[in-house]
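*Asks:* Input: one structure, supplied below.
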Amino acid sequence: MSRINGFVGRRNFLLGAAGFATAGSLIWYQQQTSILQADGADANPVNPHPVTATEALKRLLEGNQRFVEQKRKYPDQSMKRVQSLAKGQYPFASVLGCADSRVPAEIIFDQGLGNLFVVRVAGNVASDMAIGSLEYATSVLGSQLIVVLGHKKCGAVMEALQEKPAPGRISYIVEGIRPAVARVRLSKGDVRENAIAANIKYQVEKLQSKSTILANLIQKGKLQVVGACYDVVTGKVSVTT
């Protein structure tokens with residue numbers, strides 16, 4: 001099995017994670033690889049300077065402190081940076097965050113192009129698509145940290161606290177949160193704050209329990225998943241799990 005910095009390579013990720021390796025799928029993979037190589041997308045994903053989970057979290061929290069204090073450095077946002085990333089990306093951390101417009105990860109962590117692999121969905125729900133994206137970020141691109149980033153006053157979590165069904169496909173989001181809020185519905189304190197914290201913890205657990213790829217990386221010490229909460233009033237990010 002080919003590996004990148006100890007991680008599974010692109011071919012094995014695409015075929016192995018899907019659970020099939022038929023002749024037809026191999027032809028499909030070769031066609032897609034040719035397209036990727038022609039476009040120069042992640043043509044050389046081997047990270048020459050891998051960042052540990054501990055260092056990655058430190059960088060994020062330091063960046064958030066700069067954001068809170070309004071002393072941002074706006075790193076890695078030059079045209080030179082754009083051009084250097086044209087043939088490959090090396091994100092030092094991945095973020096599963098809420099799609100809320102008030103919580104853009106690159107801004108609140110004061111990061112730039114190529115620093116973070118960000119997946120955003122309402123309620124920071126670890127859906128199948130989100131998990132697949134994070135499997136790619138970790139096993140192929142080599143990110144060793146995933147931050148599940150929730151936030152205070154999260155509308156999706158508030159909706160999940162309601163007894164009535166959610167309209168349309170919003171229900172998919174709400175149902176992905178309800179197991180978390182059920183844990184704290186009768187707990188002491190502010191049920192809304194408790195529900196937000198419980199949802200972050202639940203999505204962290206789900207990433208580890210629903211993905212063999214992520215679980216294996218965690219077991220081998222090559223990945224850490226942490227939960228964090230963003231305060232929409234102060235701008236501060238606090239680690240919760």
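Chain labels run A, B, ... following the order of the structure tokens; each chain numbers its residues from 1, and ligands are numbered from 1 in the order shown.
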Excluding Ala180 (chain A) and residues on its chain fewer than 4 positions from it, collect all residues at most 12 Å away from it, counting only C-alpha atoms, and give them as a VMD selection string.

*Replies:* chain A and resid 123 125 157 to 158 160 to 161 174 to 176 184 to 185 191 to 192 194 to 206

*Asks:* Show which residues sit within 10 Å of Thr138 (chain A), as a list in words. Count only C-alpha atoms, and ignore same-chain residues fewer than 6 positions away.

*Replies:*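 These residues fall inside the cut-off: Phe7, Val8, Pro91, Phe92, Ala93, Ser94, Phe117, Gln144, Leu145, Ile146, Ile213, Leu214, Leu217, Lys222 and Leu223 of chain A.
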
*Asks:* Of the candidates A:Gly235, A:Gly112, A:Gly189, A:Gly227, which shows the shortest atom-to-atom distance to Leu57 (chain A), using only C-alpha atoms?

*Replies:*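 So, comparing all the options, the nearest one is A:Gly227.
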
*Asks:* May I ask for the distance between CA of Ala86 (chain A) and CA of Lys71 (chain A), given in Å to one decimal place?

*Replies:* 28.8 Å

*Asks:* Looking at only C-alpha atoms, which of A:Val226, A:Met79, A:Val232, A:Leu134 is the one that sits closest to Pro104 (chain A)?

*Replies:*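 Closest residue, counting only C-alpha atoms: A:Val232.
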
*Asks:* Identify, on the basis of only C-alpha atoms, every residue whose closest approach to Ala122 (chain A) does not exceed 7 Å; exclude the query and any residue fewer than 2 positions from it along the same chain; express the result as a tab-separated table (two decimals) with N, CA, C and O atoms, in the first residue's frame.

*Replies:*
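The resulting result-v7.tsv:
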```tsv
chain	number	residue	atom	x	y	z
A	98	CYS	N	-19.18	25.14	11.59
A	98	CYS	CA	-20.55	25.49	11.21
A	98	CYS	C	-20.51	26.43	10.01
A	98	CYS	O	-19.60	27.24	9.86
A	99	ALA	N	-21.55	26.34	9.17
A	99	ALA	CA	-21.63	27.20	7.98
A	99	ALA	C	-22.05	28.63	8.32
A	99	ALA	O	-22.09	29.48	7.43
A	100	ASP	N	-22.33	28.90	9.58
A	100	ASP	CA	-22.72	30.22	10.04
A	100	ASP	C	-21.75	31.28	9.51
A	100	ASP	O	-20.53	31.13	9.63
A	120	ARG	N	-17.36	23.03	6.12
A	120	ARG	CA	-18.39	23.77	6.85
A	120	ARG	C	-19.78	23.27	6.49
A	120	ARG	O	-20.12	23.16	5.30
A	124	ASN	N	-22.13	22.17	12.39
A	124	ASN	CA	-20.88	21.39	12.36
A	124	ASN	C	-21.13	19.89	12.48
A	124	ASN	O	-20.50	19.18	13.26
A	125	VAL	N	-22.09	19.42	11.68
A	125	VAL	CA	-22.51	18.02	11.72
A	125	VAL	C	-21.53	17.15	10.94
A	125	VAL	O	-21.16	17.46	9.81
A	156	ALA	N	-28.73	26.05	14.34
A	156	ALA	CA	-29.02	24.64	14.06
A	156	ALA	C	-29.25	23.85	15.34
A	156	ALA	O	-30.14	23.00	15.42
A	173	ILE	N	-30.02	18.12	8.83
A	173	ILE	CA	-29.10	18.75	9.77
A	173	ILE	C	-29.58	18.54	11.20
A	173	ILE	O	-28.81	18.15	12.08
```

*Asks:* Identify all residues of region 97-133 of chain A in helix (DSSP H, G or I) (DSSP on the backbone) and supply them as number ranges by chain.

*Replies:* A: 105-108, 122-124, 128-133

*Asks:* Name the closest residue to Phe67 (chain A) among the candidates A:Leu113, A:Val95, A:Ala105, A:Val51; distances are taken between atoms, counting only C-alpha atoms.

*Replies:*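 Among A:Leu113, A:Val95, A:Ala105, A:Val51, it is A:Ala105 that comes nearest to Phe67 (chain A).
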
*Asks:* Rounded to one decimal, what separation in Å do you get between CA of Lys210 (chain A) and CA of Ile131 (chain A)?

*Replies:* 8.2 Å

*Asks:* Select from region 52-183 of chain A everything DSSP, run on the backbone, classes as strand (DSSP E or B), then give the selection as an MDAnalysis selection string.

*Replies:* chainID A and resid 93:97 116:120 145:151

*Asks:* Fewer than 4 positions away in the same chain doesn't count, so skip those; otherwise give me all residues within 12 Å of Val82 (chain A), counting only C-alpha atoms, as a ChimeraX atom specification.

*Replies:* /A:75-78,86-89,112-115

*Asks:* So which residues touch region 68-70 of chain A within 12 Å, counting only C-alpha atoms, skipping near sequence neighbours fewer than 5 positions away, as a PyMOL selection string?

*Replies:* chain A and resi 61-63+107-110+230-237
